[in-house]
file coords_1.cif (mmCIF, C-alpha atoms and all ligand atoms)
data_entry
#
loop_
_atom_site.label_atom_id
_atom_site.label_comp_id
_atom_site.auth_asym_id
_atom_site.auth_seq_id
_atom_site.Cartn_x
_atom_site.Cartn_y
_atom_site.Cartn_z
CA MET A 836 -52.42 189.54 -45.68
CA GLU A 837 -55.48 187.51 -44.73
CA GLN A 838 -58.81 189.22 -45.20
CA ASP A 839 -59.75 189.55 -41.50
CA VAL A 840 -56.30 190.90 -40.59
CA ALA A 841 -56.57 193.44 -43.41
CA ALA A 842 -60.02 194.41 -42.09
CA LEU A 843 -58.51 194.94 -38.64
CA ARG A 844 -55.79 197.07 -40.16
CA ARG A 845 -58.36 199.29 -41.89
CA LEU A 846 -60.40 199.72 -38.70
CA ILE A 847 -57.24 200.78 -36.84
CA GLU A 848 -56.30 203.21 -39.60
CA THR A 849 -59.69 204.91 -39.65
CA ALA A 850 -60.19 205.02 -35.85
CA ARG A 851 -59.65 208.32 -34.09
CA ARG A 852 -59.54 207.05 -30.52
CA ILE A 853 -58.84 203.42 -29.70
CA VAL A 854 -59.17 201.80 -26.31
CA VAL A 855 -57.36 198.47 -25.99
CA PHE A 856 -58.80 195.92 -23.55
CA THR A 857 -56.51 192.99 -22.80
CA GLY A 858 -56.77 189.65 -21.03
CA ALA A 859 -54.62 186.63 -20.26
CA GLY A 860 -54.27 185.54 -23.90
CA ILE A 861 -51.85 188.34 -24.75
CA SER A 862 -49.56 187.29 -21.89
CA THR A 863 -49.70 183.51 -22.40
CA GLU A 864 -47.59 184.20 -25.51
CA SER A 865 -44.98 185.58 -23.08
CA GLY A 866 -45.07 182.35 -21.06
CA ILE A 867 -47.39 183.57 -18.32
CA PRO A 868 -50.02 180.94 -17.53
CA ASP A 869 -53.69 181.87 -17.69
CA PHE A 870 -54.40 181.47 -14.00
CA ARG A 871 -58.11 180.92 -14.52
CA SER A 872 -57.90 178.44 -17.39
CA PRO A 873 -58.42 174.70 -16.85
CA GLY A 874 -55.22 173.44 -15.20
CA GLY A 875 -54.31 177.02 -14.19
CA ILE A 876 -53.16 177.71 -10.67
CA TRP A 877 -56.61 178.93 -9.61
CA THR A 878 -58.39 175.83 -10.82
CA ARG A 879 -55.85 173.35 -9.45
CA HIS A 880 -56.02 175.04 -6.04
CA ASN A 881 -59.15 176.54 -4.57
CA PRO A 882 -58.93 180.31 -4.79
CA ILE A 883 -58.32 181.98 -1.45
CA LEU A 884 -61.03 184.53 -0.87
CA PHE A 885 -60.15 188.00 0.35
CA ASP A 886 -62.05 187.53 3.64
CA ALA A 887 -60.03 184.39 4.39
CA PHE A 888 -56.81 186.29 3.71
CA LEU A 889 -57.89 188.95 6.21
CA ALA A 890 -59.03 186.47 8.84
CA ASN A 891 -56.51 183.68 8.80
CA GLU A 892 -52.70 183.55 9.00
CA GLU A 893 -52.53 180.14 7.28
CA ALA A 894 -54.60 181.47 4.34
CA ARG A 895 -52.16 184.38 4.07
CA ARG A 896 -49.17 182.06 4.16
CA GLU A 897 -50.70 179.85 1.45
CA THR A 898 -51.46 182.93 -0.69
CA TRP A 899 -47.85 184.02 -0.43
CA ARG A 900 -46.49 180.50 -1.08
CA ARG A 901 -48.45 180.44 -4.35
CA ARG A 902 -47.23 183.92 -5.28
CA PHE A 903 -43.56 183.09 -4.59
CA ALA A 904 -43.94 179.80 -6.48
CA MET A 905 -44.68 181.70 -9.69
CA ASP A 906 -42.07 184.39 -9.14
CA GLN A 907 -39.49 182.98 -11.55
CA VAL A 908 -42.04 182.74 -14.36
CA LEU A 909 -43.15 186.33 -13.79
CA ARG A 910 -39.60 187.64 -13.64
CA ALA A 911 -38.57 185.82 -16.80
CA ALA A 912 -41.56 187.01 -18.84
CA ARG A 913 -40.88 189.62 -21.51
CA PRO A 914 -43.39 191.55 -23.63
CA ASN A 915 -44.17 189.81 -26.93
CA ARG A 916 -45.14 191.17 -30.34
CA GLY A 917 -48.73 191.71 -29.17
CA HIS A 918 -47.59 193.98 -26.33
CA VAL A 919 -45.25 195.79 -28.72
CA ALA A 920 -48.10 196.42 -31.16
CA VAL A 921 -50.31 197.78 -28.38
CA ALA A 922 -47.48 200.03 -27.18
CA ALA A 923 -47.04 201.31 -30.74
CA LEU A 924 -50.73 202.26 -30.92
CA VAL A 925 -50.36 204.22 -27.69
CA ALA A 926 -47.07 205.84 -28.74
CA CYS A 927 -48.49 207.15 -32.02
CA GLY A 928 -51.51 208.60 -30.21
CA LYS A 929 -54.09 206.26 -31.78
CA ALA A 930 -54.85 204.47 -28.52
CA SER A 931 -55.67 206.59 -25.49
CA ALA A 932 -55.43 203.81 -22.91
CA VAL A 933 -54.89 200.12 -22.27
CA VAL A 934 -57.43 198.62 -19.91
CA THR A 935 -56.09 195.28 -18.73
CA GLN A 936 -57.28 192.31 -16.71
CA ASN A 937 -53.66 191.18 -16.50
CA ILE A 938 -51.63 191.56 -13.34
CA ASP A 939 -48.17 191.05 -14.83
CA GLY A 940 -47.12 194.63 -15.65
CA LEU A 941 -46.05 193.66 -19.20
CA HIS A 942 -47.81 196.62 -20.85
CA GLN A 943 -45.69 198.98 -18.77
CA THR A 944 -42.56 196.93 -19.53
CA SER A 945 -43.34 197.23 -23.23
CA GLY A 946 -43.32 201.02 -22.94
CA VAL A 947 -46.90 202.09 -22.32
CA PRO A 948 -46.72 204.94 -19.78
CA ASP A 949 -48.12 204.07 -16.32
CA ARG A 950 -50.82 206.71 -16.62
CA GLN A 951 -52.21 205.02 -19.75
CA VAL A 952 -52.43 201.52 -18.27
CA ILE A 953 -55.61 200.89 -16.28
CA GLU A 954 -55.29 197.68 -14.25
CA VAL A 955 -58.77 196.56 -13.27
CA HIS A 956 -57.46 193.45 -11.48
CA GLY A 957 -54.41 195.15 -10.00
CA ASN A 958 -50.74 194.20 -10.29
CA THR A 959 -48.84 191.27 -8.78
CA THR A 960 -45.32 192.56 -9.44
CA TYR A 961 -45.38 194.48 -6.15
CA ALA A 962 -47.32 194.45 -2.89
CA THR A 963 -49.05 197.04 -0.76
CA CYS A 964 -50.01 197.37 2.90
CA LEU A 965 -53.78 196.97 3.28
CA GLU A 966 -53.74 199.51 6.15
CA CYS A 967 -51.47 202.39 5.10
CA GLY A 968 -50.95 201.69 1.39
CA GLU A 969 -47.14 201.54 1.66
CA ARG A 970 -45.53 199.78 -1.30
CA HIS A 971 -43.47 196.64 -0.61
CA GLU A 972 -41.15 194.86 -3.06
CA ILE A 973 -41.72 191.14 -3.67
CA GLU A 974 -38.03 190.28 -3.51
CA MET A 975 -37.71 191.60 0.05
CA LEU A 976 -40.91 189.85 1.13
CA ALA A 977 -39.71 186.57 -0.39
CA ALA A 978 -36.41 186.77 1.48
CA ALA A 979 -38.18 187.44 4.77
CA PHE A 980 -40.71 184.64 4.15
CA ALA A 981 -37.89 182.19 3.43
CA ARG A 982 -36.33 183.14 6.79
CA ASP A 983 -39.32 183.03 9.13
CA GLY A 984 -42.27 181.54 7.19
CA THR A 985 -44.76 184.12 8.46
CA ALA A 986 -47.00 186.17 6.18
CA PRO A 987 -45.50 189.62 5.63
CA ARG A 988 -46.58 192.61 7.68
CA CYS A 989 -45.91 196.28 7.05
CA ASN A 990 -42.80 197.62 8.75
CA ALA A 991 -44.45 201.05 8.98
CA CYS A 992 -47.80 200.14 10.59
CA ASP A 993 -47.84 196.32 11.11
CA GLY A 994 -50.79 196.04 8.68
CA LEU A 995 -51.27 193.02 6.42
CA VAL A 996 -49.30 193.11 3.18
CA LYS A 997 -50.81 191.65 -0.01
CA THR A 998 -49.86 191.72 -3.68
CA ALA A 999 -51.47 194.76 -5.33
CA THR A 1000 -53.99 192.51 -7.06
CA VAL A 1001 -57.75 192.25 -6.74
CA SER A 1002 -58.42 188.93 -4.99
CA PHE A 1003 -61.48 186.77 -5.39
CA GLY A 1004 -64.11 188.32 -3.14
CA GLN A 1005 -62.34 191.67 -3.03
CA ALA A 1006 -64.04 194.83 -4.35
CA MET A 1007 -62.99 196.10 -7.77
CA PRO A 1008 -60.81 199.20 -7.59
CA ALA A 1009 -63.34 202.02 -7.94
CA ALA A 1010 -60.99 204.61 -9.42
CA ALA A 1011 -59.61 202.22 -12.05
CA MET A 1012 -63.10 201.05 -13.04
CA ALA A 1013 -64.32 204.64 -13.36
CA ARG A 1014 -61.36 205.55 -15.58
CA ALA A 1015 -61.89 202.41 -17.66
CA GLU A 1016 -65.57 203.25 -18.14
CA ALA A 1017 -64.69 206.80 -19.21
CA GLU A 1018 -62.18 205.45 -21.76
CA MET A 1019 -64.79 203.03 -23.14
CA ALA A 1020 -67.30 205.85 -23.51
CA ALA A 1021 -64.82 208.14 -25.31
CA ALA A 1022 -63.48 205.55 -27.78
CA ASP A 1023 -64.64 204.98 -31.34
CA LEU A 1024 -62.90 201.59 -31.51
CA CYS A 1025 -62.47 199.02 -28.75
CA LEU A 1026 -59.93 196.27 -29.38
CA ALA A 1027 -60.59 193.36 -27.01
CA VAL A 1028 -57.43 191.27 -27.16
CA GLY A 1029 -56.78 187.90 -25.53
CA SER A 1030 -59.71 188.01 -23.17
CA SER A 1031 -62.21 185.18 -22.87
CA LEU A 1032 -64.68 187.94 -21.87
CA VAL A 1033 -66.28 185.85 -19.15
CA VAL A 1034 -64.92 187.48 -15.98
CA TYR A 1035 -67.26 190.23 -14.83
CA PRO A 1036 -67.42 193.13 -14.20
CA ALA A 1037 -64.30 193.59 -16.39
CA ALA A 1038 -65.92 191.88 -19.38
CA GLY A 1039 -68.72 194.43 -19.24
CA LEU A 1040 -66.30 197.16 -20.33
CA PRO A 1041 -66.11 196.24 -24.05
CA VAL A 1042 -69.90 195.85 -23.97
CA ALA A 1043 -70.17 199.39 -22.61
CA ALA A 1044 -67.90 200.69 -25.39
CA LYS A 1045 -70.09 199.05 -28.00
CA ARG A 1046 -73.28 200.44 -26.43
CA ARG A 1047 -71.75 203.94 -26.45
CA GLY A 1048 -71.18 203.71 -30.18
CA ALA A 1049 -67.66 202.32 -30.54
CA LEU A 1050 -66.87 199.57 -33.00
CA LEU A 1051 -65.82 196.38 -31.23
CA VAL A 1052 -63.11 194.00 -32.42
CA ILE A 1053 -62.49 190.73 -30.58
CA LEU A 1054 -59.13 189.04 -31.13
CA ASN A 1055 -58.84 185.81 -29.17
CA ARG A 1056 -57.77 182.27 -29.89
CA GLU A 1057 -61.08 180.84 -28.69
CA GLU A 1058 -64.62 182.01 -29.18
CA THR A 1059 -66.12 184.34 -26.58
CA PRO A 1060 -69.69 184.96 -25.41
CA LEU A 1061 -69.51 188.45 -26.93
CA ASP A 1062 -68.55 187.40 -30.47
CA ASP A 1063 -72.08 188.06 -31.77
CA LEU A 1064 -71.88 191.64 -30.51
CA ALA A 1065 -68.57 192.37 -32.25
CA ASP A 1066 -68.08 194.14 -35.59
CA LEU A 1067 -65.07 191.94 -36.32
CA VAL A 1068 -63.96 188.68 -34.70
CA LEU A 1069 -60.50 187.19 -35.29
CA ARG A 1070 -59.81 183.75 -33.81
CA ARG A 1071 -56.08 183.92 -34.16
CA GLU A 1072 -52.77 184.03 -32.40
CA ILE A 1073 -52.45 187.47 -30.86
CA GLY A 1074 -48.87 188.62 -31.36
CA ALA A 1075 -48.65 187.69 -35.05
CA THR A 1076 -52.10 189.09 -35.84
CA LEU A 1077 -51.78 192.39 -34.02
CA GLY A 1078 -48.20 192.79 -35.16
CA ALA A 1079 -49.25 192.41 -38.80
CA ALA A 1080 -52.27 194.71 -38.42
CA VAL A 1081 -50.29 197.47 -36.70
CA GLY A 1082 -47.13 196.93 -38.73
CA VAL A 1083 -44.62 196.08 -36.01
CA GLN A 1084 -42.21 193.17 -35.73
ZN ZN B 1101 -48.69 199.87 6.52
#
call {"tool": "encode", "arguments": {"input": "coords_1.cif", "output": "structure tokens", "more": "lines below"}}
Ligand SMILES: [Zn+2]
result
Amino acid sequence: MEQDVAALRRLIETARRIVVFTGAGISTESGIPDFRSPGGIWTRHNPILFDAFLANEEARRETWRRRFAMDQVLRAARPNRGHVAVAALVACGKASAVVTQNIDGLHQTSGVPDRQVIEVHGNTTYATCLECGERHEIEMLAAAFARDGTAPRCNACDGLVKTATVSFGQAMPAAAMARAEAEMAAADLCLAVGSSLVVYPAAGLPVAAKRRGALLVILNREETPLDDLADLVLRREIGATLGAAVGVQ
């Protein structure tokens, strides 16, 4: 085993309470594009701000067109070895929670219980009514959109329906951020995995863990602005590295 992977393995073995923080890099290995990366859907198209979604039917239609356009990719994506390793850390009680910037639901699919996944940017695998909070399934919304081409509205209250994600210009979910901060404060090891650590306020969470006394490991294919702060930096493929360190295939 390479020296840095062995070092990661030792840190995991000696940790008492790990918090895992994940970003797009763990899911690109499952075929999900990094939406914010150069060439990603949010750089090829201007992002649609939350206020525009609220104000304008055409902005809502365009938002939904983009969401339906990536539906096949999202449905086909399966957890990879990185997700499996994270799930194993949770299952054995080493990791108390997974705080994720990802909106794909793959941590849950890989077996991490819902209550231990904290989604700071929400989840795009389902939608909710912005008025009454009712859950709506994407498949039904897609079928209706294909029929009439209008942005979905809630059948219970006629409110606007949006994927359960945090849009550009939309407030961070307060409850999720508070839980994430509490997990960072309680951990003695923070594993930041596959995040470029540039999107704030989410990227502030590993910093908070470090300031509260946790060791910080950054595993990412590219360098990050927080590398100097970390106790260990691994610029490697995620699934193979985490799989080897945790001991899962
Ligand atoms: Zn509603």
call {"tool": "residues_around", "arguments": {"input": "coords_1.cif", "residues": "A:Met1007", "least_positions_apart": "6", "cutoff": "10 Å", "atoms": "all atoms listed in the file", "output": "ChimeraX atom specification"}}
result
/A:955-957,1000-1001,1036-1037
call {"tool": "atom_distance", "arguments": {"input": "coords_1.cif", "atom1": "atom CA of A:Phe885", "atom2": "atom CA of A:Thr944"}}
result
28.0 Å
call {"tool": "closest_residue", "arguments": {"input": "coords_1.cif", "among": "A:Gly1078, A:Pro1041, A:Gly1029, A:Gly994", "to": "ligand ZN 1101 (chain B)", "atoms": "only C-alpha atoms and all ligand atoms"}}
result
A:Gly994
call {"tool": "atom_distance", "arguments": {"input": "coords_1.cif", "atom1": "atom CA of A:Thr849", "atom2": "atom CA of A:Arg916"}}
result
22.1 Å
call {"tool": "residues_around", "arguments": {"input": "coords_1.cif", "residues": "A:Arg1046", "least_positions_apart": "5", "cutoff": "12 Å", "atoms": "all atoms listed in the file", "output": "PyMOL selection string"}}
result
chain A and resi 1016+1019-1025+1039-1041+1051+1064-1065
call {"tool": "residues_near_ligand", "arguments": {"input": "coords_1.cif", "ligand": "ligand ZN 1101 (chain B)", "cutoff": "8 Å", "atoms": "only C-alpha atoms and all ligand atoms", "output": "ChimeraX atom specification"}}
result
/A:963-969,988-996
call {"tool": "residues_around", "arguments": {"input": "coords_1.cif", "residues": "A:Arg1014", "least_positions_apart": "6", "cutoff": "12 Å", "atoms": "all atoms listed in the file", "output": "number ranges by chain"}}
result
A: 854, 931-935, 950-955, 1008, 1020-1021, 1040
call {"tool": "atom_distance", "arguments": {"input": "coords_1.cif", "atom1": "atom CA of A:Ala922", "atom2": "atom CA of A:Ala1038"}}
result
21.6 Å
call {"tool": "closest_residue", "arguments": {"input": "coords_1.cif", "among": "A:Ser865, A:Gln936, A:Thr959, A:Thr985", "to": "A:Ile973", "atoms": "all atoms listed in the file"}}
result
A:Thr959
call {"tool": "residues_near_point", "arguments": {"input": "coords_1.cif", "point": "(-61.0, 197.7, -39.3)", "cutoff": "9 Å", "atoms": "all atoms listed in the file", "output": "MDAnalysis selection string"}}
result
chainID A and resid 839:850 1024 1050 1052 1066:1067
call {"tool": "write_last_selection", "arguments": {"input": "coords_1.cif", "atoms": "C-alpha atoms", "output": "CSV table (one decimal), in the frame of the given file"}}
result
chain,number,residue,atom,x,y,z
A,839,ASP,CA,-59.8,189.6,-41.5
A,840,VAL,CA,-56.3,190.9,-40.6
A,841,ALA,CA,-56.6,193.4,-43.4
A,842,ALA,CA,-60.0,194.4,-42.1
A,843,LEU,CA,-58.5,194.9,-38.6
A,844,ARG,CA,-55.8,197.1,-40.2
A,845,ARG,CA,-58.4,199.3,-41.9
A,846,LEU,CA,-60.4,199.7,-38.7
A,847,ILE,CA,-57.2,200.8,-36.8
A,848,GLU,CA,-56.3,203.2,-39.6
A,849,THR,CA,-59.7,204.9,-39.6
A,850,ALA,CA,-60.2,205.0,-35.8
A,1024,LEU,CA,-62.9,201.6,-31.5
A,1050,LEU,CA,-66.9,199.6,-33.0
A,1052,VAL,CA,-63.1,194.0,-32.4
A,1066,ASP,CA,-68.1,194.1,-35.6
A,1067,LEU,CA,-65.1,191.9,-36.3
call {"tool": "closest_residue", "arguments": {"input": "coords_1.cif", "among": "A:Met905, A:Ala1010, A:Arg851, A:His918", "to": "A:Glu864", "atoms": "only C-alpha atoms"}}
result
A:His918
call {"tool": "closest_residue", "arguments": {"input": "coords_1.cif", "among": "A:Ser945, A:Thr998, A:Gln907, A:Thr960", "to": "A:Leu924", "atoms": "all atoms listed in the file"}}
result
A:Ser945
call {"tool": "residues_around", "arguments": {"input": "coords_1.cif", "residues": "A:Glu1072", "least_positions_apart": "5", "cutoff": "12 Å", "atoms": "only C-alpha atoms", "output": "ChimeraX atom specification"}}
result
/A:840,860-864,915-917,1028-1029,1053-1057,1077-1079
